[in-house]
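Here's target.pdb, which has PDB, C-alpha atoms:
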ATOM      1  CA  MET A   1      -1.842  19.208   8.182
ATOM      2  CA  SER A   2       0.065  17.623   5.341
ATOM      3  CA  ALA A   3       3.269  19.078   3.994
ATOM      4  CA  PRO A   4       2.517  21.774   1.433
ATOM      5  CA  VAL A   5       3.808  23.258  -1.764
ATOM      6  CA  ILE A   6       4.588  26.881  -0.841
ATOM      7  CA  CYS A   7       4.464  29.595  -3.466
ATOM      8  CA  GLY A   8       6.127  32.894  -2.604
ATOM      9  CA  VAL A   9       4.383  35.715  -4.456
ATOM     10  CA  ASP A  10       5.223  39.320  -5.128
ATOM     11  CA  ARG A  11       3.691  42.149  -7.153
ATOM     12  CA  GLY A  12       4.030  42.412 -10.918
ATOM     13  CA  PRO A  13       2.925  40.126 -13.749
ATOM     14  CA  GLU A  14       4.878  37.099 -12.605
ATOM     15  CA  PRO A  15       3.088  35.865  -9.510
ATOM     16  CA  PHE A  16       0.272  34.521 -11.656
ATOM     17  CA  GLU A  17       2.742  32.294 -13.490
ATOM     18  CA  ALA A  18       4.456  31.102 -10.340
ATOM     19  CA  VAL A  19       1.072  30.384  -8.769
ATOM     20  CA  ALA A  20      -0.078  28.491 -11.874
ATOM     21  CA  VAL A  21       3.040  26.299 -11.754
ATOM     22  CA  ALA A  22       2.707  25.777  -7.996
ATOM     23  CA  ALA A  23      -0.948  24.836  -8.355
ATOM     24  CA  ALA A  24      -0.150  22.344 -11.126
ATOM     25  CA  LEU A  25       2.630  20.730  -9.083
ATOM     26  CA  ALA A  26       0.514  20.606  -5.919
ATOM     27  CA  ALA A  27      -2.322  18.959  -7.841
ATOM     28  CA  ALA A  28       0.019  16.457  -9.463
ATOM     29  CA  MET A  29       1.493  15.473  -6.121
ATOM     30  CA  ASP A  30      -1.728  15.592  -4.068
ATOM     31  CA  LEU A  31      -0.288  18.275  -1.814
ATOM     32  CA  ARG A  32      -1.948  21.359  -0.404
ATOM     33  CA  LEU A  33      -0.935  24.765  -1.704
ATOM     34  CA  VAL A  34       0.058  27.721   0.466
ATOM     35  CA  LEU A  35       0.514  31.193  -1.063
ATOM     36  CA  VAL A  36       2.852  33.419   0.945
ATOM     37  CA  HIS A  37       3.431  37.121   0.452
ATOM     38  CA  VAL A  38       6.179  38.740   2.501
ATOM     39  CA  VAL A  39       5.861  42.355   3.593
ATOM     40  CA  PRO A  40       8.958  44.091   4.937
ATOM     41  CA  ARG A  41       7.721  44.958   8.412
ATOM     42  CA  ALA A  42       5.016  43.959  10.820
ATOM     43  CA  GLY A  43       2.493  46.381  12.260
ATOM     44  CA  ASP A  44       1.726  48.366   9.104
ATOM     45  CA  PRO A  45      -2.000  47.950   8.451
ATOM     46  CA  VAL A  46      -1.762  49.426   4.941
ATOM     47  CA  LEU A  47       0.915  46.964   3.844
ATOM     48  CA  ASP A  48      -0.962  44.079   5.412
ATOM     49  CA  GLN A  49      -4.157  45.121   3.662
ATOM     50  CA  LEU A  50      -2.377  45.346   0.287
ATOM     51  CA  ALA A  51      -0.820  41.942   0.904
ATOM     52  CA  GLU A  52      -4.179  40.384   1.642
ATOM     53  CA  ARG A  53      -5.653  41.970  -1.462
ATOM     54  CA  LEU A  54      -2.826  40.576  -3.622
ATOM     55  CA  LEU A  55      -3.221  37.108  -2.144
ATOM     56  CA  GLY A  56      -6.979  37.279  -2.671
ATOM     57  CA  GLU A  57      -6.520  38.189  -6.344
ATOM     58  CA  LEU A  58      -4.098  35.324  -6.859
ATOM     59  CA  ALA A  59      -6.379  32.874  -5.094
ATOM     60  CA  ARG A  60      -9.264  33.886  -7.357
ATOM     61  CA  ALA A  61      -7.050  33.252 -10.404
ATOM     62  CA  LEU A  62      -6.333  29.659  -9.379
ATOM     63  CA  PRO A  63      -7.452  26.959 -11.798
ATOM     64  CA  HIS A  64     -10.955  25.637 -11.265
ATOM     65  CA  GLY A  65     -11.084  23.278  -8.322
ATOM     66  CA  ALA A  66      -7.770  24.379  -6.852
ATOM     67  CA  ASP A  67      -7.637  25.793  -3.362
ATOM     68  CA  ALA A  68      -4.919  27.575  -1.442
ATOM     69  CA  GLU A  69      -4.181  28.726   2.055
ATOM     70  CA  LEU A  70      -3.134  32.405   2.132
ATOM     71  CA  ARG A  71      -0.465  33.731   4.485
ATOM     72  CA  VAL A  72       1.127  37.130   5.045
ATOM     73  CA  GLU A  73       4.619  36.921   6.532
ATOM     74  CA  HIS A  74       6.907  39.724   7.674
ATOM     75  CA  GLY A  75      10.607  40.351   7.184
ATOM     76  CA  HIS A  76      13.253  39.868   4.523
ATOM     77  CA  PRO A  77      11.605  38.111   1.546
ATOM     78  CA  ALA A  78      14.055  35.224   1.133
ATOM     79  CA  ASP A  79      14.487  34.676   4.869
ATOM     80  CA  ALA A  80      10.764  34.721   5.527
ATOM     81  CA  LEU A  81      10.049  32.272   2.693
ATOM     82  CA  VAL A  82      12.751  29.882   3.866
ATOM     83  CA  ALA A  83      11.452  30.155   7.448
ATOM     84  CA  SER A  84       7.919  29.372   6.229
ATOM     85  CA  ALA A  85       9.183  26.369   4.300
ATOM     86  CA  ARG A  86      10.917  25.060   7.419
ATOM     87  CA  ARG A  87       7.994  25.717   9.723
ATOM     88  CA  LEU A  88       5.432  24.096   7.442
ATOM     89  CA  GLY A  89       7.695  21.262   6.313
ATOM     90  CA  ALA A  90       7.290  22.286   2.657
ATOM     91  CA  ARG A  91       7.997  19.712  -0.042
ATOM     92  CA  LEU A  92       8.552  22.383  -2.673
ATOM     93  CA  LEU A  93       9.000  26.134  -2.634
ATOM     94  CA  VAL A  94       7.971  27.957  -5.826
ATOM     95  CA  VAL A  95       9.141  31.491  -6.648
ATOM     96  CA  GLY A  96       9.279  33.755  -9.687
ATOM     97  CA  SER A  97      12.654  34.742 -11.063
ATOM     98  CA  HIS A  98      12.013  38.500 -10.748
ATOM     99  CA  GLY A  99      12.277  40.499 -13.914
ATOM    100  CA  PRO A 100      12.961  39.461 -17.481
ATOM    101  CA  HIS A 101      16.426  40.857 -18.083
ATOM    102  CA  ALA A 102      17.409  42.460 -14.812
ATOM    103  CA  PRO A 103      21.119  42.269 -14.038
ATOM    104  CA  ARG A 104      20.309  41.151 -10.512
ATOM    105  CA  LEU A 105      18.020  38.518 -11.900
ATOM    106  CA  GLY A 106      16.479  36.357  -9.294
ATOM    107  CA  SER A 107      18.183  37.676  -6.198
ATOM    108  CA  VAL A 108      15.375  36.351  -4.017
ATOM    109  CA  SER A 109      15.247  33.080  -5.932
ATOM    110  CA  ALA A 110      19.031  32.690  -5.679
ATOM    111  CA  GLU A 111      19.012  33.313  -1.940
ATOM    112  CA  VAL A 112      16.065  31.016  -1.429
ATOM    113  CA  SER A 113      17.618  28.197  -3.429
ATOM    114  CA  ARG A 114      20.802  28.389  -1.363
ATOM    115  CA  CYS A 115      19.059  28.208   1.997
ATOM    116  CA  ALA A 116      15.799  26.340   1.473
ATOM    117  CA  PRO A 117      15.147  23.054   3.254
ATOM    118  CA  CYS A 118      13.417  21.650   0.171
ATOM    119  CA  PRO A 119      13.725  21.819  -3.640
ATOM    120  CA  VAL A 120      13.040  25.291  -5.040
ATOM    121  CA  VAL A 121      11.148  25.842  -8.284
ATOM    122  CA  VAL A 122      12.150  29.064 -10.037
ATOM    123  CA  VAL A 123       9.643  30.169 -12.668
ATOM    124  CA  PRO A 124      11.073  32.437 -15.385
ATOM    125  CA  PRO A 125       8.984  35.150 -17.033
ATOM    126  CA  GLY A 126       6.866  33.433 -19.659
ATOM    127  CA  GLY A 127       7.987  30.014 -18.463
ATOM    128  CA  GLY A 128       4.999  29.150 -16.372
ATOM    129  CA  HIS A 129       2.038  29.158 -18.710
ATOM    130  CA  ASP A 130       3.218  26.307 -20.919
ATOM    131  CA  PHE A 131       3.889  24.106 -17.957
ATOM    132  CA  ALA A 132       0.601  24.815 -16.237
ATOM    133  CA  ALA A 133      -1.345  24.379 -19.490
ATOM    134  CA  ALA A 134       0.348  21.089 -20.296
ATOM    135  CA  GLU A 135      -0.365  19.799 -16.813
ATOM    136  CA  ALA A 136      -3.992  20.774 -17.054
ATOM    137  CA  HIS A 137      -4.279  18.781 -20.283
ATOM    138  CA  CYS A 138      -2.705  15.657 -18.890
ATOM    139  CA  ASP A 139      -4.912  15.564 -15.792
ATOM    140  CA  ALA A 140      -6.979  12.750 -17.238
ATOM    141  CA  GLY A 141      -3.994  10.564 -17.955
ATOM    142  CA  ARG A 142      -2.240  11.160 -14.676
ATOM    143  CA  PRO A 143      -1.285   8.046 -12.767
ATOM    144  CA  PRO A 144      -2.871   7.700  -9.342
ATOM    145  CA  ALA A 145      -0.931   8.782  -6.300
ATOM    146  CA  ALA A 146       1.879   6.289  -5.988
ATOM    147  CA  ASP A 147       4.324   5.343  -3.308
ATOM    148  CA  HIS A 148       7.112   6.158  -5.705
ATOM    149  CA  ASP A 149       7.636   9.845  -5.535
ATOM    150  CA  GLY A 150      10.824  11.787  -5.265
ATOM    151  CA  LEU A 151       9.266  14.452  -3.128
ATOM    152  CA  VAL A 152       6.589  13.001  -0.940
ATOM    153  CA  VAL A 153       7.986  11.217   2.061
ATOM    154  CA  ARG A 154       5.711   8.602   3.551
TER
ATOM    155  CA  MET B   1      19.114   5.527 -25.634
ATOM    156  CA  THR B   2      21.134   8.055 -27.524
ATOM    157  CA  GLY B   3      20.667  11.275 -29.405
ATOM    158  CA  GLN B   4      19.790   9.441 -32.616
ATOM    159  CA  GLU B   5      16.357   8.438 -31.386
ATOM    160  CA  GLN B   6      13.530  10.870 -31.906
ATOM    161  CA  PRO B   7      12.064  11.969 -28.580
ATOM    162  CA  THR B   8       8.310  12.145 -28.267
ATOM    163  CA  GLY B   9       6.359  14.045 -25.663
ATOM    164  CA  ALA B  10       7.350  16.574 -23.058
ATOM    165  CA  ALA B  11      10.120  15.838 -20.615
ATOM    166  CA  VAL B  12      11.743  16.603 -17.319
ATOM    167  CA  LEU B  13      15.410  17.387 -17.927
ATOM    168  CA  CYS B  14      17.809  16.634 -15.092
ATOM    169  CA  GLY B  15      21.273  18.140 -15.266
ATOM    170  CA  VAL B  16      23.749  16.147 -13.204
ATOM    171  CA  ASP B  17      27.396  16.432 -12.383
ATOM    172  CA  GLY B  18      29.460  14.109 -10.252
ATOM    173  CA  GLY B  19      28.412  15.188  -6.769
ATOM    174  CA  PRO B  20      26.051  13.623  -4.241
ATOM    175  CA  GLU B  21      23.479  16.361  -4.760
ATOM    176  CA  ALA B  22      23.324  15.362  -8.415
ATOM    177  CA  ARG B  23      21.988  11.974  -7.405
ATOM    178  CA  LEU B  24      19.455  13.679  -5.191
ATOM    179  CA  ALA B  25      18.422  15.982  -8.030
ATOM    180  CA  LEU B  26      17.986  12.909 -10.228
ATOM    181  CA  ARG B  27      15.696  11.285  -7.666
ATOM    182  CA  VAL B  28      13.588  14.431  -7.438
ATOM    183  CA  ALA B  29      13.450  14.639 -11.253
ATOM    184  CA  ALA B  30      12.486  10.973 -11.563
ATOM    185  CA  GLY B  31       9.722  11.348  -8.992
ATOM    186  CA  LEU B  32       8.298  14.388 -10.745
ATOM    187  CA  ALA B  33       8.536  12.838 -14.205
ATOM    188  CA  ARG B  34       6.677   9.790 -12.964
ATOM    189  CA  ARG B  35       4.012  11.818 -11.232
ATOM    190  CA  LEU B  36       3.558  14.256 -14.105
ATOM    191  CA  GLY B  37       3.643  11.579 -16.804
ATOM    192  CA  LEU B  38       6.663  13.135 -18.523
ATOM    193  CA  ARG B  39       9.777  11.563 -20.067
ATOM    194  CA  LEU B  40      12.973  11.745 -18.045
ATOM    195  CA  VAL B  41      16.112  13.034 -19.747
ATOM    196  CA  VAL B  42      19.379  12.925 -17.795
ATOM    197  CA  SER B  43      22.229  15.062 -19.023
ATOM    198  CA  HIS B  44      25.766  16.045 -18.193
ATOM    199  CA  VAL B  45      27.566  18.956 -19.785
ATOM    200  CA  VAL B  46      31.314  18.625 -20.161
ATOM    201  CA  ALA B  47      32.479  22.130 -19.356
ATOM    202  CA  LEU B  48      34.705  23.707 -21.941
ATOM    203  CA  PRO B  49      37.450  25.626 -20.120
ATOM    204  CA  PRO B  50      37.998  29.224 -21.214
ATOM    205  CA  PRO B  51      40.888  29.533 -23.684
ATOM    206  CA  GLU B  52      44.195  30.483 -22.121
ATOM    207  CA  PRO B  53      46.216  33.088 -24.014
ATOM    208  CA  ARG B  54      49.508  31.286 -23.512
ATOM    209  CA  GLN B  55      48.113  27.964 -24.617
ATOM    210  CA  ALA B  56      49.278  27.316 -28.161
ATOM    211  CA  ALA B  57      46.527  24.938 -29.199
ATOM    212  CA  PRO B  58      43.104  23.992 -27.874
ATOM    213  CA  ALA B  59      42.606  20.605 -26.247
ATOM    214  CA  PRO B  60      42.896  17.902 -28.876
ATOM    215  CA  ALA B  61      39.629  16.522 -30.188
ATOM    216  CA  SER B  62      40.486  13.082 -28.893
ATOM    217  CA  ALA B  63      40.698  14.403 -25.322
ATOM    218  CA  VAL B  64      37.282  16.061 -25.671
ATOM    219  CA  ASP B  65      35.817  12.880 -27.146
ATOM    220  CA  ALA B  66      37.219  10.899 -24.242
ATOM    221  CA  ARG B  67      35.584  13.222 -21.731
ATOM    222  CA  LEU B  68      32.244  13.032 -23.539
ATOM    223  CA  ALA B  69      32.478   9.233 -23.628
ATOM    224  CA  ALA B  70      33.293   9.175 -19.916
ATOM    225  CA  ALA B  71      30.323  11.436 -19.212
ATOM    226  CA  ASP B  72      28.045   9.157 -21.233
ATOM    227  CA  ALA B  73      29.286   6.101 -19.304
ATOM    228  CA  PHE B  74      28.815   7.941 -16.007
ATOM    229  CA  LEU B  75      25.220   8.847 -16.853
ATOM    230  CA  ARG B  76      24.374   5.328 -18.003
ATOM    231  CA  ALA B  77      25.784   3.856 -14.802
ATOM    232  CA  LEU B  78      23.897   6.414 -12.726
ATOM    233  CA  VAL B  79      20.500   5.793 -14.323
ATOM    234  CA  ALA B  80      21.067   2.033 -14.053
ATOM    235  CA  GLU B  81      21.937   2.320 -10.364
ATOM    236  CA  GLU B  82      18.807   4.370  -9.780
ATOM    237  CA  GLY B  83      16.618   1.883 -11.640
ATOM    238  CA  LEU B  84      15.722   4.450 -14.292
ATOM    239  CA  SER B  85      16.319   2.318 -17.351
ATOM    240  CA  GLY B  86      13.725   4.232 -19.388
ATOM    241  CA  ALA B  87      15.579   7.521 -19.008
ATOM    242  CA  ARG B  88      17.158   9.152 -22.029
ATOM    243  CA  VAL B  89      20.823  10.112 -21.657
ATOM    244  CA  ARG B  90      22.327  13.233 -23.264
ATOM    245  CA  THR B  91      25.823  14.611 -23.048
ATOM    246  CA  ALA B  92      26.924  17.981 -24.344
ATOM    247  CA  LEU B  93      30.013  20.128 -24.493
ATOM    248  CA  GLY B  94      30.280  23.777 -23.557
ATOM    249  CA  HIS B  95      29.015  26.236 -20.969
ATOM    250  CA  PRO B  96      26.957  24.103 -18.567
ATOM    251  CA  ALA B  97      24.032  26.476 -17.972
ATOM    252  CA  GLU B  98      23.779  27.497 -21.641
ATOM    253  CA  ARG B  99      23.935  23.952 -22.907
ATOM    254  CA  LEU B 100      21.383  22.722 -20.347
ATOM    255  CA  ALA B 101      19.003  25.464 -21.479
ATOM    256  CA  ASP B 102      19.581  24.369 -25.109
ATOM    257  CA  LEU B 103      19.014  20.714 -24.251
ATOM    258  CA  ALA B 104      15.802  21.652 -22.469
ATOM    259  CA  ASP B 105      14.562  23.303 -25.665
ATOM    260  CA  GLU B 106      15.631  20.362 -27.838
ATOM    261  CA  GLU B 107      13.920  17.857 -25.564
ATOM    262  CA  GLY B 108      10.748  19.860 -25.052
ATOM    263  CA  ALA B 109      11.428  20.027 -21.322
ATOM    264  CA  GLN B 110       8.616  21.308 -19.104
ATOM    265  CA  LEU B 111      10.923  21.373 -16.085
ATOM    266  CA  ILE B 112      14.667  21.372 -15.486
ATOM    267  CA  VAL B 113      16.029  19.893 -12.255
ATOM    268  CA  VAL B 114      19.564  20.592 -11.004
ATOM    269  CA  GLY B 115      21.482  20.376  -7.761
ATOM    270  CA  SER B 116      22.391  23.725  -6.248
ATOM    271  CA  ARG B 117      26.105  23.016  -5.812
ATOM    272  CA  GLY B 118      28.557  21.658  -8.277
ATOM    273  CA  ARG B 119      31.332  19.206  -7.758
ATOM    274  CA  GLY B 120      34.118  18.372 -10.135
ATOM    275  CA  PRO B 121      34.209  20.909 -12.931
ATOM    276  CA  PHE B 122      31.811  23.311 -11.230
ATOM    277  CA  ARG B 123      33.388  23.417  -7.791
ATOM    278  CA  ALA B 124      35.212  26.094  -5.824
ATOM    279  CA  ALA B 125      34.400  29.664  -6.795
ATOM    280  CA  PHE B 126      31.519  28.524  -8.949
ATOM    281  CA  LEU B 127      29.391  27.020  -6.193
ATOM    282  CA  GLY B 128      25.810  27.395  -7.262
ATOM    283  CA  SER B 129      26.685  29.352 -10.371
ATOM    284  CA  VAL B 130      25.308  26.780 -12.792
ATOM    285  CA  SER B 131      21.897  26.787 -11.164
ATOM    286  CA  ASN B 132      21.882  30.579 -10.869
ATOM    287  CA  ALA B 133      22.904  31.077 -14.491
ATOM    288  CA  LEU B 134      20.407  28.481 -15.640
ATOM    289  CA  VAL B 135      17.569  30.304 -13.912
ATOM    290  CA  GLY B 136      18.389  33.323 -16.069
ATOM    291  CA  LEU B 137      18.574  31.319 -19.303
ATOM    292  CA  ALA B 138      15.873  28.679 -19.087
ATOM    293  CA  ARG B 139      12.507  29.140 -20.698
ATOM    294  CA  CYS B 140      10.770  26.706 -18.353
ATOM    295  CA  PRO B 141      10.654  26.408 -14.552
ATOM    296  CA  VAL B 142      13.935  25.316 -12.971
ATOM    297  CA  ILE B 143      13.944  23.188  -9.829
ATOM    298  CA  VAL B 144      17.026  23.683  -7.707
ATOM    299  CA  VAL B 145      17.621  20.899  -5.202
ATOM    300  CA  PRO B 146      19.647  22.329  -2.340
ATOM    301  CA  HIS B 147      22.746  20.729  -0.996
ATOM    302  CA  GLY B 148      22.050  18.820   2.205
ATOM    303  CA  VAL B 149      18.341  18.355   1.671
ATOM    304  CA  ALA B 150      18.953  14.590   1.744
ATOM    305  CA  THR B 151      19.964  14.649   5.360
ATOM    306  CA  ALA B 152      16.934  16.682   6.384
ATOM    307  CA  GLU B 153      14.398  14.753   4.335
ATOM    308  CA  PRO B 154      14.695  11.069   3.546
ATOM    309  CA  LEU B 155      13.761  11.613  -0.068
ATOM    310  CA  ALA B 156      15.701   8.591  -1.189
ATOM    311  CA  GLY B 157      13.497   6.257   0.801
ATOM    312  CA  ALA B 158      10.451   7.394  -1.114
ATOM    313  CA  VAL B 159      11.881   6.769  -4.549
ATOM    314  CA  GLY B 160      10.827   3.605  -6.267
ATOM    315  CA  HIS B 161      12.901   1.524  -8.616
ATOM    316  CA  GLY B 162      11.362   0.627 -11.921
TER
END
Kindly transcribe the structure held in the file into structure tokens.
Amino acid sequence: MSAPVICGVDRGPEPFEAVAVAAALAAAMDLRLVLVHVVPRAGDPVLDQLAERLLGELARALPHGADAELRVEHGHPADALVASARRLGARLLVVGSHGPHAPRLGSVSAEVSRCAPCPVVVVPPGGGHDFAAAEAHCDAGRPPAADHDGLVVR
Amino acid sequence: MTGQEQPTGAAVLCGVDGGPEARLALRVAAGLARRLGLRLVVSHVVALPPPEPRQAAPAPASAVDARLAAADAFLRALVAEEGLSGARVRTALGHPAERLADLADEEGAQLIVVGSRGRGPFRAAFLGSVSNALVGLARCPVIVVPHGVATAEPLAGAVGHG
């Protein structure tokens, strides 16, 4: 399997934006997309079921033609996302910044960006739609997959 | 290119300082700009130190101008070395994260790319603080390129020149 763009998703209004940005970047770079939701502990069927429902909703909201692999991971959110990125050889890890004006803004995104093995895309509230929309519009004019890419190692 | 020219079209803004991860961030930004069909804007913010109570006068304007000129020369050399002659160069003065967020707005940036650790003016106790602060201020997605990613992934080898 090729190296993916991983999008870490959580509840709330933001995952849709993070997923939209991740989908646009994956499409632009010809990479597969993996949506990961981290639940705090393994062995809880209710949590796992909720996680799968969330991932299913997000997958259905993907732009037309986009596809994603869905994964439920267990543990500390930042640690589990970083571990997934390492295991799958992610080229990019996309996360939301968690809350519009929270004092502890982006604690997961801050931890992830310190430890990740790849560049981390942090999507602020309201900062994802413009990007995803602009990318959708420039699909037609996009250059073909080139050898020159800062992220894709060949 | 300088600030006098009117930019057209959306951009990827790359904030760089003097460290090795800045070069890596620039390569990631250049690759994304190319792939997404966006302009590349490379910027450096000359950090304004907080005023010291005992200091009688602020730094003279000539010293600030000299630092901005040095930053401009540094950016031009960097983009030339990386074969990114089409990139727009912007320097600014002030709080790095705030000014990068402002520049992103001015340039119509769709993405901001920064390294996760500072060198030079951002070093020591402020490791990672520019990227963290920027994430809270920016109105578009911010890509943080972690320190050391170059050794794990030969990103540089995949970057074209021209």
How many Å separate atom CA of Asp102 of chain B from atom CA of Phe131 of chain A?
-> 17.2 Å
Neighbour list for Ala87 of chain B as an MDAnalysis selection string, cut-off 12 Å, all atoms listed in the file, skip fewer than 6 positions in-chain | chainID B and resid 1:2 7 11:14 26:27 29:30 33:34 38:43 75:81 162
Next, dump the selected residues to file, keeping only C-alpha atoms, as a tab-separated table (two decimals), keeping the file's coordinate frame.
chain	number	residue	atom	x	y	z
B	1	MET	CA	19.11	5.53	-25.63
B	2	THR	CA	21.13	8.06	-27.52
B	7	PRO	CA	12.06	11.97	-28.58
B	11	ALA	CA	10.12	15.84	-20.62
B	12	VAL	CA	11.74	16.60	-17.32
B	13	LEU	CA	15.41	17.39	-17.93
B	14	CYS	CA	17.81	16.63	-15.09
B	26	LEU	CA	17.99	12.91	-10.23
B	27	ARG	CA	15.70	11.28	-7.67
B	29	ALA	CA	13.45	14.64	-11.25
B	30	ALA	CA	12.49	10.97	-11.56
B	33	ALA	CA	8.54	12.84	-14.20
B	34	ARG	CA	6.68	9.79	-12.96
B	38	LEU	CA	6.66	13.14	-18.52
B	39	ARG	CA	9.78	11.56	-20.07
B	40	LEU	CA	12.97	11.74	-18.05
B	41	VAL	CA	16.11	13.03	-19.75
B	42	VAL	CA	19.38	12.92	-17.80
B	43	SER	CA	22.23	15.06	-19.02
B	75	LEU	CA	25.22	8.85	-16.85
B	76	ARG	CA	24.37	5.33	-18.00
B	77	ALA	CA	25.78	3.86	-14.80
B	78	LEU	CA	23.90	6.41	-12.73
B	79	VAL	CA	20.50	5.79	-14.32
B	80	ALA	CA	21.07	2.03	-14.05
B	81	GLU	CA	21.94	2.32	-10.36
B	162	GLY	CA	11.36	0.63	-11.92
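Here atom CA of Ala24 of chain A and atom CA of His129 of chain A stand 10.4 Å from one another.
Ranking B:Gly115, B:Leu134, B:Arg90, B:Pro146 by their shortest atom-to-atom distance to Val82 of chain A, with only C-alpha atoms included, puts B:Pro146 first.
Pairwise distance (atom CA of Glu73 of chain A, atom CA of Val36 of chain A) equals 6.8 Å.
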Give me the residues within 7 Å of Gly8 of chain A as a PyMOL selection string, counting all atoms listed in the file and dropping any in the same chain fewer than 4 places off.
-> chain A and resi 35-37+81+94-95
Just so the selection is clear, what residues does the PyMOL selection byres ((chain B and resi 108) around 9) cover here, as a short mmCIF file (atom, residue, chain, number, x, y, z; two decimals) with C-alpha atoms, keeping the file's coordinate frame?
data_model
loop_
_atom_site.label_atom_id
_atom_site.label_comp_id
_atom_site.auth_asym_id
_atom_site.auth_seq_id
_atom_site.Cartn_x
_atom_site.Cartn_y
_atom_site.Cartn_z
CA PRO B 7 12.06 11.97 -28.58
CA THR B 8 8.31 12.14 -28.27
CA GLY B 9 6.36 14.04 -25.66
CA ALA B 10 7.35 16.57 -23.06
CA ALA B 11 10.12 15.84 -20.62
CA VAL B 12 11.74 16.60 -17.32
CA LEU B 13 15.41 17.39 -17.93
CA LEU B 103 19.01 20.71 -24.25
CA ALA B 104 15.80 21.65 -22.47
CA ASP B 105 14.56 23.30 -25.66
CA GLU B 106 15.63 20.36 -27.84
CA GLU B 107 13.92 17.86 -25.56
CA ALA B 109 11.43 20.03 -21.32
CA GLN B 110 8.62 21.31 -19.10
#
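Minimum distance to chain B across A:Ala23, A:Cys7, A:Ala28, A:Ala90 (counting all atoms listed in the file) occurs at A:Ala28.
When only C-alpha atoms are used to measure the gap to Leu62 of chain A, the shortest distance among A:Ala110, A:Val21, A:Ala78, A:Ser2 belongs to A:Val21.
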